[in-house]
Amino acid sequence: PTLRRLSHYLLAHYQKGSRPVRDWRTTTNVAIDLMVYAILSVDEKNQVLTTYIWYRQHWTDEFLKWDPALFDNLTQISLPVESIWVPDILINEFVDVGKSPHVPYVYVSHHGEVQNLKPIQVMTACSLDIYSFPFDVQNCSLTFTSWLHHIRDINLSLWRQPELVKFDRSVFMNQGEWELLYVLSRFQEFSVKSSDSYAEMKFYVVIRRRPLFYTVSLLLPSIFLMVMDIVGFYLPPHSGERVSFKITLLLGYSVFLIIVSDTLPATAVGTPLIGIYFVVCMALLVISLTETILIVRLVHKQDLQPHVPEWVKHLLLERATILLCVRDRKKFSQSRMQSLDISRQVENNDSTAKLTPYGCEDPRECGALGGTRSTLAFAGRTEGLAALQEVLRETTAIRQLLEKREEFRDVAREWLQVGYVLDVLLFRVYLAAVLAYSITLGTLWSVWRDA
């Protein structure tokens, strides 16, 4: 048969141990091509990229030529790859042998052109930058070069035009986590310690992560917890529920970070921005809880506390209320306190009236008048005068106690006013910090995604 006769004709005296040129000064030109089929895995911790590529190369073998007229016009034949010379072109970034299928044959044309087409699973080292995770774009290189032959023996070139290689996604599986943007190619020469130059062809595989899964599972729950923390400021600070609510949020956020810790990429080089985002959110929750504890401490001022300092009144109750536009709240609190003062005065007057049957305002005057009348009426009864003086002393002590209690209530109302105004001030500062932080992160991630 023709195929058997041609195969015997080509391989009978073929020597695969030497470069297939008749003149040793002739350079063997190897044209290579690459198409990315799939992105199998990206190991951020070990800085390893695993891809599945379709690799093609062709060169001219001067000892594998024939006249088609002598072999029934046969212009192409497949030969075993172990029987012919194959260039020693490797990938510099190889870190492990992949599970690539073995293709045992190559195509040879009657002009001596050899085409070696094979799929390769490539595990290569790549410097992965995860700072913008999950909106990151990775650029990994695949460098093809001859491990032994310098450029005078084996030279490399690109099989297709660079523009065709760049946007060729015809065989790429586009359903995984990573999206292929483009493949750049570049030829260059390099030398080691001023020795002979070597030719190398670099392919830059640029991929981008699809962030939808991480946005739903990482960012949205964190945003919801932060929104609930902001809503928690609308709980009344004197109710005591705000502290427990914010502690529950802090514990929930801690559990959330423990759950998502395995999802975040871990490297020894740097920390992703989303990790910094989670840490800052945790810090904001702690600050919010600290602010709540401070406000509750001010609102629940106990007895024997000093009056609010004048500079605090001037800054918070006058200047801050104008700045925060809470004058209505201040007027409402003032009117409420005035009504409370009037009611308490009425109660005190009623109690005083009950204690002083003569209808006078000053208990001392009433005591004096009562003592005079009792002296005139009961001049000889010293026992009744002593009892009446004891009643007057008790009445005076009760009045002093009521005045002291009213003073304590005034102090508590002052601290309550300070607490409410300070709560509004710190809430707006906290809200401004959260908004600025969110806008900054959103802008950075948008810029990286559109880059």
# chains A, B, ... in the order shown; residues from 1 in each chain; ligands from 1
>>> residues_around(residues="Ile77 (chain A)", least_positions_apart="6", cutoff="7 Å", atoms="only C-alpha atoms", output="number ranges by chain")
A: 107-109
>>> write_last_selection(atoms="N, CA, C and O atoms", output="mmCIF file, in the first residue's frame")
data_model
loop_
_atom_site.group_PDB
_atom_site.id
_atom_site.type_symbol
_atom_site.label_atom_id
_atom_site.label_comp_id
_atom_site.auth_asym_id
_atom_site.auth_seq_id
_atom_site.Cartn_x
_atom_site.Cartn_y
_atom_site.Cartn_z
ATOM 1 N N TYR A 107 1.576 15.099 11.647
ATOM 2 C CA TYR A 107 1.328 15.175 10.213
ATOM 3 C C TYR A 107 2.571 15.693 9.513
ATOM 4 O O TYR A 107 3.193 16.656 9.965
ATOM 5 N N VAL A 108 2.901 15.050 8.365
ATOM 6 C CA VAL A 108 4.054 15.449 7.551
ATOM 7 C C VAL A 108 3.571 15.646 6.121
ATOM 8 O O VAL A 108 2.913 14.758 5.551
ATOM 9 N N SER A 109 3.882 16.829 5.555
ATOM 10 C CA SER A 109 3.534 17.091 4.152
ATOM 11 C C SER A 109 4.720 16.760 3.251
ATOM 12 O O SER A 109 5.845 16.562 3.727
#
>>> residues_around(residues="region 23-35 of chain A", least_positions_apart="4", cutoff="7 Å", atoms="only C-alpha atoms", output="list of chain:residue names")
A:Ile53, A:Trp54, A:Tyr55, A:Arg56, A:Gln57, A:His58, A:Trp59, A:Arg152, A:Asp153, A:Ile154, A:Asn155, A:Leu156, A:Ser157, A:Leu158, A:Trp159, A:Arg160
>>> write_last_selection(atoms="all heavy atoms", output="compact mmCIF listing (two decimals), in the first residue's frame")
# COMPACT_ATOMS: atom_id res chain seq x y z
N ILE A 53 -4.91 23.89 27.30
CA ILE A 53 -4.67 24.62 26.06
C ILE A 53 -4.54 23.64 24.91
O ILE A 53 -4.22 22.45 25.09
CB ILE A 53 -3.40 25.49 26.16
CG1 ILE A 53 -2.16 24.61 26.38
CG2 ILE A 53 -3.54 26.53 27.26
CD1 ILE A 53 -0.85 25.38 26.35
N TRP A 54 -4.81 24.16 23.72
CA TRP A 54 -4.52 23.45 22.48
C TRP A 54 -3.25 24.06 21.90
O TRP A 54 -3.24 25.23 21.50
CB TRP A 54 -5.69 23.58 21.50
CG TRP A 54 -6.88 22.77 21.91
CD1 TRP A 54 -7.02 22.05 23.04
CD2 TRP A 54 -8.10 22.62 21.18
NE1 TRP A 54 -8.25 21.44 23.08
CE2 TRP A 54 -8.94 21.76 21.95
CE3 TRP A 54 -8.59 23.12 19.97
CZ2 TRP A 54 -10.21 21.40 21.54
CZ3 TRP A 54 -9.85 22.76 19.55
CH2 TRP A 54 -10.66 21.91 20.33
N TYR A 55 -2.22 23.24 21.87
CA TYR A 55 -0.90 23.71 21.46
C TYR A 55 -0.57 23.15 20.08
O TYR A 55 -0.76 21.96 19.81
CB TYR A 55 0.15 23.28 22.48
CG TYR A 55 1.57 23.59 22.08
CD1 TYR A 55 2.01 24.91 21.97
CD2 TYR A 55 2.48 22.56 21.82
CE1 TYR A 55 3.31 25.19 21.60
CE2 TYR A 55 3.78 22.84 21.47
CZ TYR A 55 4.19 24.15 21.35
OH TYR A 55 5.47 24.43 20.99
N ARG A 56 -0.08 24.02 19.20
CA ARG A 56 0.27 23.62 17.85
C ARG A 56 1.66 24.16 17.50
O ARG A 56 1.99 25.30 17.87
CB ARG A 56 -0.75 24.15 16.84
CG ARG A 56 -2.18 23.73 17.12
CD ARG A 56 -3.11 24.10 15.99
NE ARG A 56 -3.17 25.54 15.78
CZ ARG A 56 -3.79 26.10 14.73
NH1 ARG A 56 -4.39 25.36 13.83
NH2 ARG A 56 -3.80 27.42 14.61
N GLN A 57 2.40 23.37 16.79
CA GLN A 57 3.71 23.80 16.31
C GLN A 57 4.01 23.10 14.99
O GLN A 57 3.57 21.97 14.75
CB GLN A 57 4.80 23.49 17.34
CG GLN A 57 4.99 22.02 17.67
CD GLN A 57 6.05 21.76 18.71
OE1 GLN A 57 6.66 22.70 19.21
NE2 GLN A 57 6.29 20.50 19.03
N HIS A 58 4.76 23.77 14.15
CA HIS A 58 5.19 23.14 12.89
C HIS A 58 6.58 23.65 12.53
O HIS A 58 6.96 24.78 12.86
CB HIS A 58 4.18 23.39 11.76
CG HIS A 58 4.20 24.79 11.22
ND1 HIS A 58 5.08 25.19 10.24
CD2 HIS A 58 3.45 25.87 11.51
CE1 HIS A 58 4.86 26.47 9.95
NE2 HIS A 58 3.89 26.90 10.72
N TRP A 59 7.34 22.81 11.86
CA TRP A 59 8.68 23.10 11.42
C TRP A 59 8.95 22.32 10.14
O TRP A 59 8.15 21.48 9.72
CB TRP A 59 9.70 22.75 12.50
CG TRP A 59 9.80 21.28 12.81
CD1 TRP A 59 10.65 20.37 12.27
CD2 TRP A 59 8.96 20.55 13.72
NE1 TRP A 59 10.43 19.12 12.77
CE2 TRP A 59 9.39 19.21 13.68
CE3 TRP A 59 7.92 20.90 14.56
CZ2 TRP A 59 8.80 18.21 14.44
CZ3 TRP A 59 7.33 19.92 15.32
CH2 TRP A 59 7.76 18.59 15.27
N ARG A 152 20.60 30.34 17.05
CA ARG A 152 21.17 30.00 15.76
C ARG A 152 20.75 28.63 15.29
O ARG A 152 20.79 28.33 14.09
CB ARG A 152 22.71 30.08 15.83
CG ARG A 152 23.25 31.47 16.04
CD ARG A 152 24.75 31.51 15.75
NE ARG A 152 25.46 30.54 16.57
CZ ARG A 152 25.95 30.80 17.79
NH1 ARG A 152 25.78 32.00 18.32
NH2 ARG A 152 26.60 29.88 18.49
N ASP A 153 20.35 27.76 16.21
CA ASP A 153 19.90 26.42 15.84
C ASP A 153 18.37 26.36 15.71
O ASP A 153 17.86 25.83 14.73
CB ASP A 153 20.37 25.40 16.87
CG ASP A 153 21.87 25.22 16.86
OD1 ASP A 153 22.49 25.51 15.82
OD2 ASP A 153 22.43 24.82 17.91
N ILE A 154 17.65 26.87 16.71
CA ILE A 154 16.19 26.84 16.69
C ILE A 154 15.68 28.25 16.96
O ILE A 154 16.01 28.84 17.99
CB ILE A 154 15.64 25.86 17.74
CG1 ILE A 154 16.01 24.42 17.39
CG2 ILE A 154 14.13 25.99 17.84
CD1 ILE A 154 15.48 23.40 18.37
N ASN A 155 14.91 28.75 16.04
CA ASN A 155 14.29 30.05 16.19
C ASN A 155 12.77 29.86 16.25
O ASN A 155 12.22 28.93 15.65
CB ASN A 155 14.66 30.96 15.03
CG ASN A 155 14.27 32.40 15.30
OD1 ASN A 155 13.97 32.77 16.43
ND2 ASN A 155 14.29 33.23 14.26
N LEU A 156 12.11 30.73 16.99
CA LEU A 156 10.67 30.62 17.19
C LEU A 156 9.95 31.76 16.49
O LEU A 156 10.48 32.87 16.35
CB LEU A 156 10.33 30.65 18.68
CG LEU A 156 10.95 29.56 19.55
CD1 LEU A 156 10.50 29.74 21.00
CD2 LEU A 156 10.58 28.18 19.05
N SER A 157 8.74 31.47 16.06
CA SER A 157 7.89 32.48 15.43
C SER A 157 6.44 32.14 15.76
O SER A 157 6.14 31.08 16.32
CB SER A 157 8.11 32.53 13.92
OG SER A 157 7.77 31.29 13.33
N LEU A 158 5.55 33.05 15.40
CA LEU A 158 4.13 32.88 15.68
C LEU A 158 3.43 32.31 14.45
O LEU A 158 3.64 32.79 13.32
CB LEU A 158 3.51 34.22 16.08
CG LEU A 158 2.16 34.18 16.79
CD1 LEU A 158 2.26 33.41 18.10
CD2 LEU A 158 1.67 35.60 17.05
N TRP A 159 2.62 31.30 14.67
CA TRP A 159 1.95 30.64 13.55
C TRP A 159 0.94 31.58 12.91
O TRP A 159 0.89 31.72 11.69
CB TRP A 159 1.24 29.38 14.06
CG TRP A 159 0.73 28.46 13.00
CD1 TRP A 159 0.23 28.80 11.78
CD2 TRP A 159 0.65 27.04 13.07
NE1 TRP A 159 -0.14 27.70 11.08
CE2 TRP A 159 0.10 26.58 11.85
CE3 TRP A 159 0.98 26.10 14.03
CZ2 TRP A 159 -0.14 25.24 11.57
CZ3 TRP A 159 0.75 24.76 13.77
CH2 TRP A 159 0.20 24.34 12.55
N ARG A 160 0.11 32.23 13.72
CA ARG A 160 -0.90 33.16 13.21
C ARG A 160 -0.53 34.60 13.55
O ARG A 160 0.43 34.85 14.28
CB ARG A 160 -2.27 32.83 13.82
CG ARG A 160 -2.81 31.47 13.44
CD ARG A 160 -4.18 31.26 14.06
NE ARG A 160 -4.14 31.25 15.53
CZ ARG A 160 -5.21 31.29 16.29
NH1 ARG A 160 -6.42 31.39 15.74
NH2 ARG A 160 -5.11 31.26 17.61
>>> residues_around(residues="region 254-256 of chain A", least_positions_apart="2", cutoff="10 Å", atoms="only C-alpha atoms", output="VMD selection string")
chain A and resid 218 221 to 222 225 248 to 252 258 to 261 278 282
>>> write_last_selection(atoms="N, CA, C and O atoms", output="mmCIF file, in the first residue's frame")
data_model
loop_
_atom_site.group_PDB
_atom_site.id
_atom_site.type_symbol
_atom_site.label_atom_id
_atom_site.label_comp_id
_atom_site.auth_asym_id
_atom_site.auth_seq_id
_atom_site.Cartn_x
_atom_site.Cartn_y
_atom_site.Cartn_z
ATOM 1 N N LEU A 218 -20.772 37.138 49.944
ATOM 2 C CA LEU A 218 -19.862 37.841 50.844
ATOM 3 C C LEU A 218 -20.274 39.290 51.079
ATOM 4 O O LEU A 218 -20.413 39.728 52.220
ATOM 5 N N PRO A 221 -24.455 40.067 52.442
ATOM 6 C CA PRO A 221 -24.724 39.879 53.878
ATOM 7 C C PRO A 221 -24.022 40.893 54.763
ATOM 8 O O PRO A 221 -24.596 41.375 55.755
ATOM 9 N N SER A 222 -22.796 41.246 54.416
ATOM 10 C CA SER A 222 -22.094 42.257 55.207
ATOM 11 C C SER A 222 -22.775 43.615 55.108
ATOM 12 O O SER A 222 -22.918 44.330 56.104
ATOM 13 N N LEU A 225 -25.916 43.617 57.300
ATOM 14 C CA LEU A 225 -25.612 43.768 58.723
ATOM 15 C C LEU A 225 -25.242 45.209 59.062
ATOM 16 O O LEU A 225 -25.636 45.730 60.117
ATOM 17 N N THR A 248 -25.642 41.772 69.617
ATOM 18 C CA THR A 248 -26.092 40.656 68.776
ATOM 19 C C THR A 248 -25.577 40.803 67.353
ATOM 20 O O THR A 248 -25.149 39.817 66.728
ATOM 21 N N LEU A 249 -25.605 42.020 66.810
ATOM 22 C CA LEU A 249 -25.066 42.248 65.471
ATOM 23 C C LEU A 249 -23.569 41.953 65.418
ATOM 24 O O LEU A 249 -23.075 41.354 64.446
ATOM 25 N N LEU A 250 -22.843 42.362 66.437
ATOM 26 C CA LEU A 250 -21.401 42.116 66.459
ATOM 27 C C LEU A 250 -21.099 40.618 66.506
ATOM 28 O O LEU A 250 -20.202 40.133 65.799
ATOM 29 N N LEU A 251 -21.837 39.889 67.309
ATOM 30 C CA LEU A 251 -21.653 38.442 67.361
ATOM 31 C C LEU A 251 -22.029 37.785 66.033
ATOM 32 O O LEU A 251 -21.340 36.871 65.549
ATOM 33 N N GLY A 252 -23.122 38.251 65.431
ATOM 34 C CA GLY A 252 -23.510 37.710 64.132
ATOM 35 C C GLY A 252 -22.474 37.975 63.057
ATOM 36 O O GLY A 252 -22.198 37.113 62.208
ATOM 37 N N ILE A 258 -16.246 33.974 60.349
ATOM 38 C CA ILE A 258 -15.727 32.610 60.506
ATOM 39 C C ILE A 258 -16.198 31.720 59.356
ATOM 40 O O ILE A 258 -15.447 30.893 58.836
ATOM 41 N N ILE A 259 -17.442 31.903 58.929
ATOM 42 C CA ILE A 259 -17.980 31.071 57.851
ATOM 43 C C ILE A 259 -17.294 31.373 56.529
ATOM 44 O O ILE A 259 -16.970 30.458 55.754
ATOM 45 N N VAL A 260 -17.044 32.656 56.230
ATOM 46 C CA VAL A 260 -16.493 33.027 54.922
ATOM 47 C C VAL A 260 -14.970 33.027 54.901
ATOM 48 O O VAL A 260 -14.383 33.374 53.879
ATOM 49 N N SER A 261 -14.332 32.667 56.000
ATOM 50 C CA SER A 261 -12.869 32.708 56.019
ATOM 51 C C SER A 261 -12.263 31.726 55.023
ATOM 52 O O SER A 261 -11.195 31.985 54.460
ATOM 53 N N PHE A 278 -13.847 43.773 55.482
ATOM 54 C CA PHE A 278 -14.493 43.086 56.602
ATOM 55 C C PHE A 278 -13.927 43.558 57.938
ATOM 56 O O PHE A 278 -14.674 43.725 58.916
ATOM 57 N N MET A 282 -16.028 45.398 60.892
ATOM 58 C CA MET A 282 -16.012 44.955 62.289
ATOM 59 C C MET A 282 -15.611 46.093 63.221
ATOM 60 O O MET A 282 -16.207 46.275 64.300
#
>>> closest_residue(among="A:Ala266, A:Leu11, A:Val227, A:Leu164", to="Asn46 (chain A)", atoms="only C-alpha atoms")
A:Ala266
>>> select_by_dssp(residues="region 214-299 of chain A", states="alpha helix (DSSP H)", output="ChimeraX atom specification")
/A:214,220-231,241-260,273-299
>>> closest_residue(among="A:Met226, A:Leu79, A:Val421, A:Leu40", to="Val434 (chain A)", atoms="only C-alpha atoms")
A:Met226
>>> residues_around(residues="Asp136 (chain A)", least_positions_apart="3", cutoff="7 Å", atoms="only C-alpha atoms", output="list in words")
Ile130, Ser132, Phe133, Arg208 and Arg209 of chain A
>>> write_last_selection(atoms="N, CA, C and O atoms", output="PDB file, in the first residue's frame")
ATOM      1  N   ILE A 130      -4.286  39.411  44.215  1.00  0.00           N
ATOM      2  CA  ILE A 130      -5.654  39.237  44.714  1.00  0.00           C
ATOM      3  C   ILE A 130      -6.118  40.445  45.517  1.00  0.00           C
ATOM      4  O   ILE A 130      -7.098  40.341  46.268  1.00  0.00           O
ATOM      5  N   SER A 132      -7.642  43.121  44.613  1.00  0.00           N
ATOM      6  CA  SER A 132      -8.972  43.585  44.216  1.00  0.00           C
ATOM      7  C   SER A 132     -10.000  42.453  44.176  1.00  0.00           C
ATOM      8  O   SER A 132     -11.040  42.605  43.538  1.00  0.00           O
ATOM      9  N   PHE A 133      -9.725  41.320  44.802  1.00  0.00           N
ATOM     10  CA  PHE A 133     -10.686  40.218  44.860  1.00  0.00           C
ATOM     11  C   PHE A 133     -12.015  40.714  45.428  1.00  0.00           C
ATOM     12  O   PHE A 133     -12.025  41.487  46.392  1.00  0.00           O
ATOM     13  N   ARG A 208     -10.337  37.187  33.864  1.00  0.00           N
ATOM     14  CA  ARG A 208     -11.053  37.999  34.851  1.00  0.00           C
ATOM     15  C   ARG A 208     -12.062  37.124  35.596  1.00  0.00           C
ATOM     16  O   ARG A 208     -12.755  36.307  35.003  1.00  0.00           O
ATOM     17  N   ARG A 209     -12.133  37.327  36.890  1.00  0.00           N
ATOM     18  CA  ARG A 209     -13.042  36.543  37.734  1.00  0.00           C
ATOM     19  C   ARG A 209     -14.464  37.076  37.613  1.00  0.00           C
ATOM     20  O   ARG A 209     -14.678  38.296  37.570  1.00  0.00           O
TER      21      ARG A 209
END
